[in-house]
Amino acid sequence: MNFIEAIIHYEFLQKALITSVMVGIICGVIGCFIILRGMALMGDAISHAVLPGVAISYMLGINFFFGAVITGVLTAIGIGFVSQNSRLKNDTAIGILFTFAFAAGIILITFMKSSTDLYHILFGNVLAVRPSDMWVTLVIGILVIAGVYFFYKELLVTSFDPTMASAYGLSTKLVHYLLMTMLTMVTVASLQTVGIVLVVAMLITPAATAYLLTDRLWVMIYLASGFGVVASVIGLYFSFMYNLSSGATIVLVSTLLFITVFLFSPRHGFIRKVIKSRKRASLAN
Amino acid sequence: MSNALSVKNLNVSYLGNVALTNVSFQVDEGALVGIIGPNGAGKSTLIKAMMGLIPSETGKVEILGKPIRKTRKEIAYVPQRNDIDWDFPIHVIDAVMIGTYPHLGLFKRPKKQEREWAYQCLERVGMQDYGKRQIGELSGGQQQRVFLARALAQNADIFFLDEPFVGVDVSSENTIMQILKELQKEGKTTLVVHHDLSKANVYFDELILLNKELIAKGEVTDVLEVNTIQKAYGNPLAFMKNEIGVKQA
């Protein structure tokens, strides 16, 4: 049976597909701001910090969305607090706090006595998406896209020139925490498809791929979402057809897209750069 | 003439080091003022502290007779060139349009009207043909002109420029200076951080000479005295006197 037929036939695969596409889109959108602000490590940190929240939610029997957002945002605040109130650099504060949150999460998950759950949370299992998960993902998707749409101007100016932003009275801190909240929500939405460990790849790789192709932020956002969707769908195909971990297949496809663009991008690609510097060298001789 | 800005007893420390001690001065509306002093004198710190970007221990800053937090949007700030990520995916025209953000407010997006206004500002600095270039493709002087255009787009009353002539070609420097003089004729007040003493007498009417404290403030010829220069720079600068016309005491 081919993939298309399977999608038409199986409801679980339809849900998996819808969830993957949505996750591809929102990871691409938020990822653009993450890489332009030099916050790749922060993205990795927040995604790991979601784990204790997920565990606590399971214990309390509530949707894991709420617990995850709370521990994610608390970790972001903790990182900000430690780096602003000590001589430690930001990446050090990130390293301390996210590993703490992750470790606490692992202990909490073991109390749930279900190691398969931990495996799925860490590495994703898109084929086991429940209807409620799909709806959570859709709601998060709408919230995140609306957030970026309405605060696009503020996100742009605080990423490009934070000094000017605070000079005219815009709270860069508030925008930072807004972005961190959206980042946490994106991580929660991505739990099922790529899992906690590999979310950061979906945030960074499609956005980085797009960055090598364009010089305009809004084009970059659309391209990054596009790459995210393509990687998710093709990754889902390989995951289904060959019974592989969906997180891993999606990330590998995403990386292949990156390598292609890294080499062949017409303006910022590696081959173009080599040709340019050769030309310059031969002109100089 | 009324005060465009007044600074009273400004004290700033940075990571335990004193950056500015008891700085007080006033600037008249329509003045074109240079802030000069040696490296590490706190010139950039002064304008950043005035805008509240760096916390100050004591001090009162009033802009147009009102406290700074109410008048922020009336100040257009041109940052140092090396504060900017020139690889950012943004075209020149979109960077200039950011100048319209302060007065747009939340949820409002720049529209056609703002775009046209941004192009007018670009034209004023002679960069209208570069609107669709990525900002990193420009030369240093062109980049500085684009950021001046962004400041113009803000329609502000007060302009702060931080080292606008560093790494800038002569013709861009002249364009920028010409626009600052035009702004002065329109009654705008401008403060320029400037590390280079040469041309200070040609560019500005008034100078603020700084070295962690206010050494002198006033007319260019009064500030550029051998005594005050020595006090700020701490060594005899006899070699400079021909170049900048420092008066012999």
# chains A, B, ... in the order shown; residues from 1 in each chain; ligands from 1

call {"tool": "residues_around", "arguments": {"residues": "B:Lys112", "least_positions_apart": "4", "cutoff": "12 Å", "atoms": "only C-alpha atoms", "output": "number ranges by chain"}}
result
B: 94, 97, 100, 116-119

call {"tool": "write_last_selection", "arguments": {"atoms": "all heavy atoms", "output": "PDB file, in the first residue's frame"}}
result
ATOM      1  N   ASP B  94      13.099  48.876   4.577  1.00  0.00           N
ATOM      2  CA  ASP B  94      12.419  48.358   5.773  1.00  0.00           C
ATOM      3  C   ASP B  94      13.128  48.809   7.051  1.00  0.00           C
ATOM      4  O   ASP B  94      12.479  49.032   8.076  1.00  0.00           O
ATOM      5  CB  ASP B  94      12.350  46.830   5.712  1.00  0.00           C
ATOM      6  CG  ASP B  94      11.526  46.352   4.511  1.00  0.00           C
ATOM      7  OD1 ASP B  94      10.390  46.827   4.366  1.00  0.00           O
ATOM      8  OD2 ASP B  94      12.039  45.546   3.721  1.00  0.00           O
ATOM      9  N   MET B  97      11.947  52.239   7.617  1.00  0.00           N
ATOM     10  CA  MET B  97      10.559  52.253   8.094  1.00  0.00           C
ATOM     11  C   MET B  97      10.450  52.000   9.590  1.00  0.00           C
ATOM     12  O   MET B  97       9.452  52.387  10.210  1.00  0.00           O
ATOM     13  CB  MET B  97       9.728  51.234   7.317  1.00  0.00           C
ATOM     14  CG  MET B  97       8.992  51.905   6.182  1.00  0.00           C
ATOM     15  SD  MET B  97       7.605  50.961   5.587  1.00  0.00           S
ATOM     16  CE  MET B  97       8.397  49.496   5.025  1.00  0.00           C
ATOM     17  N   THR B 100       9.399  54.735  11.775  1.00  0.00           N
ATOM     18  CA  THR B 100       7.999  55.131  11.982  1.00  0.00           C
ATOM     19  C   THR B 100       7.347  54.341  13.120  1.00  0.00           C
ATOM     20  O   THR B 100       6.256  54.688  13.557  1.00  0.00           O
ATOM     21  CB  THR B 100       7.151  54.904  10.700  1.00  0.00           C
ATOM     22  OG1 THR B 100       7.076  53.498  10.423  1.00  0.00           O
ATOM     23  CG2 THR B 100       7.760  55.610   9.501  1.00  0.00           C
ATOM     24  N   GLU B 116       6.083  55.441   1.789  1.00  0.00           N
ATOM     25  CA  GLU B 116       6.401  56.630   0.984  1.00  0.00           C
ATOM     26  C   GLU B 116       7.221  57.635   1.791  1.00  0.00           C
ATOM     27  O   GLU B 116       8.169  58.230   1.288  1.00  0.00           O
ATOM     28  CB  GLU B 116       5.104  57.277   0.472  1.00  0.00           C
ATOM     29  CG  GLU B 116       4.597  56.588  -0.774  1.00  0.00           C
ATOM     30  CD  GLU B 116       3.151  56.942  -1.095  1.00  0.00           C
ATOM     31  OE1 GLU B 116       2.611  57.892  -0.473  1.00  0.00           O
ATOM     32  OE2 GLU B 116       2.574  56.248  -1.957  1.00  0.00           O
ATOM     33  N   TRP B 117       6.818  57.792   3.039  1.00  0.00           N
ATOM     34  CA  TRP B 117       7.541  58.711   3.926  1.00  0.00           C
ATOM     35  C   TRP B 117       8.988  58.235   4.117  1.00  0.00           C
ATOM     36  O   TRP B 117       9.929  59.018   4.070  1.00  0.00           O
ATOM     37  CB  TRP B 117       6.798  58.825   5.256  1.00  0.00           C
ATOM     38  CG  TRP B 117       7.536  59.482   6.377  1.00  0.00           C
ATOM     39  CD1 TRP B 117       7.804  58.954   7.595  1.00  0.00           C
ATOM     40  CD2 TRP B 117       8.097  60.797   6.396  1.00  0.00           C
ATOM     41  NE1 TRP B 117       8.495  59.830   8.368  1.00  0.00           N
ATOM     42  CE2 TRP B 117       8.701  60.988   7.657  1.00  0.00           C
ATOM     43  CE3 TRP B 117       8.162  61.841   5.462  1.00  0.00           C
ATOM     44  CZ2 TRP B 117       9.354  62.160   8.022  1.00  0.00           C
ATOM     45  CZ3 TRP B 117       8.815  63.012   5.825  1.00  0.00           C
ATOM     46  CH2 TRP B 117       9.401  63.161   7.092  1.00  0.00           C
ATOM     47  N   ALA B 118       9.145  56.916   4.274  1.00  0.00           N
ATOM     48  CA  ALA B 118      10.487  56.350   4.443  1.00  0.00           C
ATOM     49  C   ALA B 118      11.327  56.610   3.182  1.00  0.00           C
ATOM     50  O   ALA B 118      12.515  56.945   3.280  1.00  0.00           O
ATOM     51  CB  ALA B 118      10.402  54.859   4.737  1.00  0.00           C
ATOM     52  N   TYR B 119      10.704  56.490   2.018  1.00  0.00           N
ATOM     53  CA  TYR B 119      11.446  56.772   0.783  1.00  0.00           C
ATOM     54  C   TYR B 119      11.855  58.244   0.699  1.00  0.00           C
ATOM     55  O   TYR B 119      12.944  58.577   0.229  1.00  0.00           O
ATOM     56  CB  TYR B 119      10.638  56.354  -0.454  1.00  0.00           C
ATOM     57  CG  TYR B 119      11.077  55.005  -0.985  1.00  0.00           C
ATOM     58  CD1 TYR B 119      10.247  53.895  -0.917  1.00  0.00           C
ATOM     59  CD2 TYR B 119      12.352  54.836  -1.535  1.00  0.00           C
ATOM     60  CE1 TYR B 119      10.662  52.650  -1.366  1.00  0.00           C
ATOM     61  CE2 TYR B 119      12.781  53.603  -1.991  1.00  0.00           C
ATOM     62  CZ  TYR B 119      11.931  52.513  -1.909  1.00  0.00           C
ATOM     63  OH  TYR B 119      12.356  51.288  -2.338  1.00  0.00           O
TER      64      TYR B 119
END

call {"tool": "interface_residues", "arguments": {"of": "chain B", "to": "chain A", "cutoff": "8 Å", "atoms": "only C-alpha atoms", "output": "list in words"}}
result
Met51, Gly52, Leu53, Arg69, Arg72, Lys73, Ile75, Tyr77, Pro79, Ile84, Asp85, Phe88, Pro89, Ile90, His91, Ile98, Tyr101, Pro102, Leu106, Phe107, Arg109 and Gln134 of chain B

call {"tool": "residues_around", "arguments": {"residues": "stretch 205-220 of chain B", "least_positions_apart": "3", "cutoff": "7 Å", "atoms": "only C-alpha atoms", "output": "MDAnalysis selection string"}}
result
chainID B and resid 19:23 32:38 41:43 201 223:224 228 232

call {"tool": "write_last_selection", "arguments": {"atoms": "N, CA and C atoms", "output": "PDB file, in the first residue's frame"}}
result
ATOM      1  N   ALA B  19      31.429  55.782  35.939  1.00  0.00           N
ATOM      2  CA  ALA B  19      31.455  56.179  34.534  1.00  0.00           C
ATOM      3  C   ALA B  19      31.214  57.676  34.378  1.00  0.00           C
ATOM      4  N   LEU B  20      30.323  58.209  35.182  1.00  0.00           N
ATOM      5  CA  LEU B  20      30.032  59.640  35.113  1.00  0.00           C
ATOM      6  C   LEU B  20      29.780  60.162  36.523  1.00  0.00           C
ATOM      7  N   THR B  21      30.361  61.301  36.837  1.00  0.00           N
ATOM      8  CA  THR B  21      30.178  61.896  38.154  1.00  0.00           C
ATOM      9  C   THR B  21      29.539  63.273  38.022  1.00  0.00           C
ATOM     10  N   ASN B  22      28.403  63.421  38.659  1.00  0.00           N
ATOM     11  CA  ASN B  22      27.789  64.742  38.807  1.00  0.00           C
ATOM     12  C   ASN B  22      27.736  65.569  37.537  1.00  0.00           C
ATOM     13  N   VAL B  23      27.235  65.003  36.487  1.00  0.00           N
ATOM     14  CA  VAL B  23      27.163  65.747  35.230  1.00  0.00           C
ATOM     15  C   VAL B  23      25.852  66.542  35.194  1.00  0.00           C
ATOM     16  N   LEU B  32      23.169  72.581  18.038  1.00  0.00           N
ATOM     17  CA  LEU B  32      23.888  71.444  17.461  1.00  0.00           C
ATOM     18  C   LEU B  32      25.146  71.264  18.296  1.00  0.00           C
ATOM     19  N   VAL B  33      25.119  70.234  19.151  1.00  0.00           N
ATOM     20  CA  VAL B  33      26.135  70.103  20.186  1.00  0.00           C
ATOM     21  C   VAL B  33      26.993  68.857  19.960  1.00  0.00           C
ATOM     22  N   GLY B  34      28.289  69.036  20.064  1.00  0.00           N
ATOM     23  CA  GLY B  34      29.194  67.894  19.997  1.00  0.00           C
ATOM     24  C   GLY B  34      29.579  67.453  21.394  1.00  0.00           C
ATOM     25  N   ILE B  35      29.576  66.136  21.636  1.00  0.00           N
ATOM     26  CA  ILE B  35      30.062  65.612  22.916  1.00  0.00           C
ATOM     27  C   ILE B  35      31.438  65.033  22.649  1.00  0.00           C
ATOM     28  N   ILE B  36      32.484  65.653  23.203  1.00  0.00           N
ATOM     29  CA  ILE B  36      33.845  65.194  22.926  1.00  0.00           C
ATOM     30  C   ILE B  36      34.553  64.806  24.219  1.00  0.00           C
ATOM     31  N   GLY B  37      35.665  64.128  24.044  1.00  0.00           N
ATOM     32  CA  GLY B  37      36.433  63.667  25.199  1.00  0.00           C
ATOM     33  C   GLY B  37      37.235  62.449  24.795  1.00  0.00           C
ATOM     34  N   PRO B  38      38.216  62.080  25.633  1.00  0.00           N
ATOM     35  CA  PRO B  38      39.069  60.931  25.279  1.00  0.00           C
ATOM     36  C   PRO B  38      38.300  59.606  25.315  1.00  0.00           C
ATOM     37  N   ALA B  41      35.756  58.182  28.166  1.00  0.00           N
ATOM     38  CA  ALA B  41      35.347  59.345  28.951  1.00  0.00           C
ATOM     39  C   ALA B  41      33.884  59.277  29.358  1.00  0.00           C
ATOM     40  N   GLY B  42      33.166  58.316  28.786  1.00  0.00           N
ATOM     41  CA  GLY B  42      31.736  58.191  29.125  1.00  0.00           C
ATOM     42  C   GLY B  42      30.816  58.938  28.176  1.00  0.00           C
ATOM     43  N   LYS B  43      31.282  59.173  26.949  1.00  0.00           N
ATOM     44  CA  LYS B  43      30.459  59.937  25.994  1.00  0.00           C
ATOM     45  C   LYS B  43      29.199  59.174  25.594  1.00  0.00           C
ATOM     46  N   ASN B 201      35.339  72.212  15.608  1.00  0.00           N
ATOM     47  CA  ASN B 201      35.002  73.642  15.580  1.00  0.00           C
ATOM     48  C   ASN B 201      34.170  74.023  14.366  1.00  0.00           C
ATOM     49  N   VAL B 223      35.407  76.244  24.699  1.00  0.00           N
ATOM     50  CA  VAL B 223      35.730  74.897  25.168  1.00  0.00           C
ATOM     51  C   VAL B 223      37.090  74.441  24.649  1.00  0.00           C
ATOM     52  N   LEU B 224      37.385  74.800  23.404  1.00  0.00           N
ATOM     53  CA  LEU B 224      38.644  74.360  22.810  1.00  0.00           C
ATOM     54  C   LEU B 224      39.808  75.254  23.236  1.00  0.00           C
ATOM     55  N   THR B 228      41.469  73.652  29.049  1.00  0.00           N
ATOM     56  CA  THR B 228      40.397  72.664  29.202  1.00  0.00           C
ATOM     57  C   THR B 228      40.753  71.368  28.489  1.00  0.00           C
ATOM     58  N   ALA B 232      41.034  67.612  30.147  1.00  0.00           N
ATOM     59  CA  ALA B 232      40.284  66.436  29.712  1.00  0.00           C
ATOM     60  C   ALA B 232      41.200  65.316  29.243  1.00  0.00           C
TER      61      ALA B 232
END

call {"tool": "closest_residue", "arguments": {"among": "A:Thr193, A:Ala76, A:Met112, A:Phe227", "to": "A:Lys173", "atoms": "only C-alpha atoms"}}
result
A:Ala76

call {"tool": "residues_around", "arguments": {"residues": "B:Val27", "least_positions_apart": "5", "cutoff": "7 Å", "atoms": "only C-alpha atoms", "output": "mmCIF file with C-alpha atoms, in the first residue's frame"}}
result
data_model
loop_
_atom_site.group_PDB
_atom_site.id
_atom_site.type_symbol
_atom_site.label_atom_id
_atom_site.label_comp_id
_atom_site.auth_asym_id
_atom_site.auth_seq_id
_atom_site.Cartn_x
_atom_site.Cartn_y
_atom_site.Cartn_z
ATOM 1 C CA ASN B 3 15.582 74.290 27.132
ATOM 2 C CA ALA B 4 15.437 71.288 24.877
ATOM 3 C CA LEU B 5 17.024 69.141 27.510
ATOM 4 C CA SER B 6 18.440 69.501 30.960
#

call {"tool": "select_by_dssp", "arguments": {"residues": "stretch 24-266 of chain A", "states": "alpha helix (DSSP H)", "output": "ChimeraX atom specification"}}
result
/A:24-36,40-60,64-84,90-111,115-123,131-150,152-160,162-167,172-190,195-211,217-242,246-264

call {"tool": "residues_around", "arguments": {"residues": "stretch 240-246 of chain A", "least_positions_apart": "2", "cutoff": "8 Å", "atoms": "only C-alpha atoms", "output": "list in words"}}
result
Phe3, Phe123, Gly124, Asn125, Val126, Leu127, Thr193, Val194, Gly235, Leu236, Tyr237, Phe238, Ala248, Thr249 and Ile250 of chain A

call {"tool": "write_last_selection", "arguments": {"atoms": "all heavy atoms", "output": "mmCIF file, in the first residue's frame"}}
result
data_model
loop_
_atom_site.group_PDB
_atom_site.id
_atom_site.type_symbol
_atom_site.label_atom_id
_atom_site.label_comp_id
_atom_site.auth_asym_id
_atom_site.auth_seq_id
_atom_site.Cartn_x
_atom_site.Cartn_y
_atom_site.Cartn_z
ATOM 1 N N PHE A 3 1.852 5.380 0.377
ATOM 2 C CA PHE A 3 1.676 6.344 1.458
ATOM 3 C C PHE A 3 0.355 7.108 1.315
ATOM 4 O O PHE A 3 -0.383 7.285 2.277
ATOM 5 C CB PHE A 3 2.878 7.290 1.421
ATOM 6 C CG PHE A 3 2.948 8.250 2.570
ATOM 7 C CD1 PHE A 3 2.932 7.799 3.878
ATOM 8 C CD2 PHE A 3 3.046 9.611 2.339
ATOM 9 C CE1 PHE A 3 3.010 8.685 4.935
ATOM 10 C CE2 PHE A 3 3.128 10.502 3.392
ATOM 11 C CZ PHE A 3 3.110 10.035 4.693
ATOM 12 N N PHE A 123 11.594 11.331 22.112
ATOM 13 C CA PHE A 123 11.926 11.173 20.698
ATOM 14 C C PHE A 123 10.742 11.263 19.751
ATOM 15 O O PHE A 123 10.903 11.167 18.546
ATOM 16 C CB PHE A 123 12.666 9.842 20.487
ATOM 17 C CG PHE A 123 13.932 9.772 21.272
ATOM 18 C CD1 PHE A 123 14.042 8.959 22.380
ATOM 19 C CD2 PHE A 123 15.020 10.574 20.927
ATOM 20 C CE1 PHE A 123 15.218 8.926 23.119
ATOM 21 C CE2 PHE A 123 16.176 10.538 21.667
ATOM 22 C CZ PHE A 123 16.285 9.716 22.769
ATOM 23 N N GLY A 124 9.566 11.465 20.291
ATOM 24 C CA GLY A 124 8.404 11.647 19.434
ATOM 25 C C GLY A 124 7.860 10.333 18.908
ATOM 26 O O GLY A 124 8.591 9.391 18.674
ATOM 27 N N ASN A 125 6.533 10.315 18.748
ATOM 28 C CA ASN A 125 5.910 9.156 18.119
ATOM 29 C C ASN A 125 4.651 9.661 17.454
ATOM 30 O O ASN A 125 3.553 9.566 17.970
ATOM 31 C CB ASN A 125 5.588 8.080 19.146
ATOM 32 C CG ASN A 125 4.980 6.865 18.472
ATOM 33 O OD1 ASN A 125 4.986 6.773 17.242
ATOM 34 N ND2 ASN A 125 4.462 5.952 19.263
ATOM 35 N N VAL A 126 4.858 10.212 16.271
ATOM 36 C CA VAL A 126 3.775 10.944 15.620
ATOM 37 C C VAL A 126 2.632 10.013 15.245
ATOM 38 O O VAL A 126 1.487 10.424 15.140
ATOM 39 C CB VAL A 126 4.323 11.714 14.402
ATOM 40 C CG1 VAL A 126 4.699 10.782 13.278
ATOM 41 C CG2 VAL A 126 3.328 12.754 13.940
ATOM 42 N N LEU A 127 2.927 8.718 15.087
ATOM 43 C CA LEU A 127 1.872 7.794 14.649
ATOM 44 C C LEU A 127 0.914 7.469 15.783
ATOM 45 O O LEU A 127 -0.130 6.862 15.564
ATOM 46 C CB LEU A 127 2.511 6.522 14.073
ATOM 47 C CG LEU A 127 3.408 6.808 12.855
ATOM 48 C CD1 LEU A 127 4.055 5.538 12.349
ATOM 49 C CD2 LEU A 127 2.627 7.480 11.740
ATOM 50 N N THR A 193 5.543 14.882 17.507
ATOM 51 C CA THR A 193 6.159 14.589 16.213
ATOM 52 C C THR A 193 7.655 14.359 16.321
ATOM 53 O O THR A 193 8.167 13.370 15.832
ATOM 54 C CB THR A 193 5.897 15.712 15.197
ATOM 55 O OG1 THR A 193 6.323 16.931 15.758
ATOM 56 C CG2 THR A 193 4.450 15.778 14.829
ATOM 57 N N VAL A 194 8.382 15.289 16.935
ATOM 58 C CA VAL A 194 9.836 15.116 16.985
ATOM 59 C C VAL A 194 10.372 14.830 18.375
ATOM 60 O O VAL A 194 11.491 14.358 18.519
ATOM 61 C CB VAL A 194 10.589 16.334 16.394
ATOM 62 C CG1 VAL A 194 10.478 16.326 14.891
ATOM 63 C CG2 VAL A 194 10.112 17.621 16.976
ATOM 64 N N GLY A 235 9.511 13.219 6.234
ATOM 65 C CA GLY A 235 9.957 12.451 7.398
ATOM 66 C C GLY A 235 8.884 11.476 7.865
ATOM 67 O O GLY A 235 9.166 10.321 8.186
ATOM 68 N N LEU A 236 7.645 11.948 7.854
ATOM 69 C CA LEU A 236 6.523 11.092 8.247
ATOM 70 C C LEU A 236 6.418 9.899 7.293
ATOM 71 O O LEU A 236 6.181 8.764 7.713
ATOM 72 C CB LEU A 236 5.231 11.914 8.222
ATOM 73 C CG LEU A 236 3.962 11.213 8.677
ATOM 74 C CD1 LEU A 236 4.060 10.835 10.137
ATOM 75 C CD2 LEU A 236 2.753 12.111 8.447
ATOM 76 N N TYR A 237 6.621 10.158 6.015
ATOM 77 C CA TYR A 237 6.580 9.097 5.008
ATOM 78 C C TYR A 237 7.594 7.999 5.344
ATOM 79 O O TYR A 237 7.250 6.820 5.402
ATOM 80 C CB TYR A 237 6.869 9.701 3.626
ATOM 81 C CG TYR A 237 7.141 8.662 2.547
ATOM 82 C CD1 TYR A 237 6.094 7.992 1.910
ATOM 83 C CD2 TYR A 237 8.448 8.359 2.168
ATOM 84 C CE1 TYR A 237 6.338 7.042 0.931
ATOM 85 C CE2 TYR A 237 8.707 7.408 1.187
ATOM 86 C CZ TYR A 237 7.645 6.752 0.573
ATOM 87 O OH TYR A 237 7.896 5.820 -0.386
ATOM 88 N N PHE A 238 8.825 8.394 5.590
ATOM 89 C CA PHE A 238 9.854 7.391 5.887
ATOM 90 C C PHE A 238 9.582 6.692 7.209
ATOM 91 O O PHE A 238 9.819 5.495 7.355
ATOM 92 C CB PHE A 238 11.250 8.027 5.892
ATOM 93 C CG PHE A 238 11.779 8.248 4.503
ATOM 94 C CD1 PHE A 238 11.853 9.518 3.963
ATOM 95 C CD2 PHE A 238 12.185 7.167 3.728
ATOM 96 C CE1 PHE A 238 12.320 9.719 2.675
ATOM 97 C CE2 PHE A 238 12.659 7.367 2.429
ATOM 98 C CZ PHE A 238 12.725 8.642 1.906
ATOM 99 N N ALA A 248 13.458 11.326 14.339
ATOM 100 C CA ALA A 248 14.737 11.180 13.653
ATOM 101 C C ALA A 248 14.591 11.365 12.142
ATOM 102 O O ALA A 248 15.387 12.066 11.510
ATOM 103 C CB ALA A 248 15.329 9.809 13.966
ATOM 104 N N THR A 249 13.552 10.767 11.539
ATOM 105 C CA THR A 249 13.423 10.896 10.077
ATOM 106 C C THR A 249 13.148 12.350 9.687
ATOM 107 O O THR A 249 13.708 12.851 8.713
ATOM 108 C CB THR A 249 12.295 9.996 9.532
ATOM 109 O OG1 THR A 249 11.102 10.271 10.258
ATOM 110 C CG2 THR A 249 12.645 8.522 9.655
ATOM 111 N N ILE A 250 12.298 13.021 10.459
ATOM 112 C CA ILE A 250 11.973 14.421 10.131
ATOM 113 C C ILE A 250 13.226 15.290 10.207
ATOM 114 O O ILE A 250 13.500 16.103 9.315
ATOM 115 C CB ILE A 250 10.868 14.960 11.077
ATOM 116 C CG1 ILE A 250 9.535 14.274 10.764
ATOM 117 C CG2 ILE A 250 10.727 16.467 10.955
ATOM 118 C CD1 ILE A 250 8.427 14.578 11.748
#

call {"tool": "closest_atom_pairs", "arguments": {"of": "stretch 63-180 of chain A", "to": "stretch 11-32 of chain A", "cutoff": "9 Å", "atoms": "only C-alpha atoms", "output": "JSON lines"}}
result
{"residue": "A:Val126", "atom": "CA", "partner": "A:Ala16", "partner_atom": "CA", "distance": 5.5}
{"residue": "A:Leu127", "atom": "CA", "partner": "A:Ala16", "partner_atom": "CA", "distance": 5.7}
{"residue": "A:Ala128", "atom": "CA", "partner": "A:Phe12", "partner_atom": "CA", "distance": 7.2}
{"residue": "A:Val129", "atom": "CA", "partner": "A:Ala16", "partner_atom": "CA", "distance": 6.1}
{"residue": "A:Arg130", "atom": "CA", "partner": "A:Lys15", "partner_atom": "CA", "distance": 7.7}
{"residue": "A:Pro131", "atom": "CA", "partner": "A:Lys15", "partner_atom": "CA", "distance": 7.2}
{"residue": "A:Asp133", "atom": "CA", "partner": "A:Thr19", "partner_atom": "CA", "distance": 8.4}
{"residue": "A:Met134", "atom": "CA", "partner": "A:Thr19", "partner_atom": "CA", "distance": 5.8}
{"residue": "A:Trp135", "atom": "CA", "partner": "A:Thr19", "partner_atom": "CA", "distance": 8.7}
{"residue": "A:Thr137", "atom": "CA", "partner": "A:Thr19", "partner_atom": "CA", "distance": 6.5}
{"residue": "A:Leu138", "atom": "CA", "partner": "A:Met22", "partner_atom": "CA", "distance": 6.9}
{"residue": "A:Ile140", "atom": "CA", "partner": "A:Ile26", "partner_atom": "CA", "distance": 8.7}
{"residue": "A:Gly141", "atom": "CA", "partner": "A:Ile26", "partner_atom": "CA", "distance": 6.1}
{"residue": "A:Ile142", "atom": "CA", "partner": "A:Ile26", "partner_atom": "CA", "distance": 9.0}
{"residue": "A:Val144", "atom": "CA", "partner": "A:Ile26", "partner_atom": "CA", "distance": 6.9}
{"residue": "A:Ile145", "atom": "CA", "partner": "A:Ile26", "partner_atom": "CA", "distance": 7.1}
{"residue": "A:Val148", "atom": "CA", "partner": "A:Val29", "partner_atom": "CA", "distance": 8.0}
{"residue": "A:Leu179", "atom": "CA", "partner": "A:Ile30", "partner_atom": "CA", "distance": 7.9}

call {"tool": "closest_residue", "arguments": {"among": "B:Arg124, B:Lys8, B:Lys48, B:Lys70", "to": "B:Leu152", "atoms": "only C-alpha atoms"}}
result
B:Arg124

call {"tool": "atom_distance", "arguments": {"atom1": "atom CA of A:Gly95", "atom2": "atom CA of A:Asp44"}}
result
9.9 Å

call {"tool": "closest_residue", "arguments": {"among": "A:Val186, A:Leu263, A:Ala49, A:Val175", "to": "A:Ala104", "atoms": "only C-alpha atoms"}}
result
A:Ala49

call {"tool": "atom_distance", "arguments": {"atom1": "atom CA of A:Ser254", "atom2": "atom CA of A:Val197"}}
result
15.2 Å

call {"tool": "select_by_dssp", "arguments": {"residues": "stretch 148-217 of chain B", "states": "strand (DSSP E or B)", "output": "list in words"}}
result
Ile158, Phe159, Phe160, Leu161, Asp162, Thr189, Thr190, Leu191, Val192, Val193, Glu206, Leu207, Ile208, Leu209, Leu210, Leu214, Ile215, Ala216 and Lys217 of chain B

call {"tool": "atom_distance", "arguments": {"atom1": "atom CA of B:Tyr130", "atom2": "atom CA of A:Arg278"}}
result
27.5 Å

call {"tool": "decode", "arguments": {"residues": "stretch 132-138 of chain B", "atoms": "N, CA, C and O atoms", "output": "PDB file, in the first residue's frame"}}
result
ATOM      1  N   LYS B 132      16.103  48.698  -2.023  1.00  0.00           N
ATOM      2  CA  LYS B 132      15.875  47.236  -2.042  1.00  0.00           C
ATOM      3  C   LYS B 132      17.149  46.442  -1.836  1.00  0.00           C
ATOM      4  O   LYS B 132      17.218  45.260  -2.159  1.00  0.00           O
ATOM      5  N   ARG B 133      18.210  47.075  -1.328  1.00  0.00           N
ATOM      6  CA  ARG B 133      19.429  46.332  -1.005  1.00  0.00           C
ATOM      7  C   ARG B 133      19.378  45.832   0.431  1.00  0.00           C
ATOM      8  O   ARG B 133      18.756  46.463   1.288  1.00  0.00           O
ATOM      9  N   GLN B 134      20.074  44.728   0.661  1.00  0.00           N
ATOM     10  CA  GLN B 134      20.222  44.268   2.034  1.00  0.00           C
ATOM     11  C   GLN B 134      21.206  45.223   2.718  1.00  0.00           C
ATOM     12  O   GLN B 134      22.187  45.647   2.092  1.00  0.00           O
ATOM     13  N   ILE B 135      20.978  45.579   3.969  1.00  0.00           N
ATOM     14  CA  ILE B 135      21.762  46.633   4.608  1.00  0.00           C
ATOM     15  C   ILE B 135      23.269  46.349   4.652  1.00  0.00           C
ATOM     16  O   ILE B 135      24.068  47.265   4.604  1.00  0.00           O
ATOM     17  N   GLY B 136      23.648  45.054   4.731  1.00  0.00           N
ATOM     18  CA  GLY B 136      25.067  44.714   4.806  1.00  0.00           C
ATOM     19  C   GLY B 136      25.819  44.939   3.497  1.00  0.00           C
ATOM     20  O   GLY B 136      27.041  44.931   3.475  1.00  0.00           O
ATOM     21  N   GLU B 137      25.074  45.132   2.400  1.00  0.00           N
ATOM     22  CA  GLU B 137      25.743  45.327   1.112  1.00  0.00           C
ATOM     23  C   GLU B 137      26.258  46.753   0.938  1.00  0.00           C
ATOM     24  O   GLU B 137      26.938  47.049  -0.039  1.00  0.00           O
ATOM     25  N   LEU B 138      25.910  47.640   1.862  1.00  0.00           N
ATOM     26  CA  LEU B 138      26.286  49.040   1.709  1.00  0.00           C
ATOM     27  C   LEU B 138      27.660  49.313   2.318  1.00  0.00           C
ATOM     28  O   LEU B 138      28.142  48.569   3.161  1.00  0.00           O
TER      29      LEU B 138
END
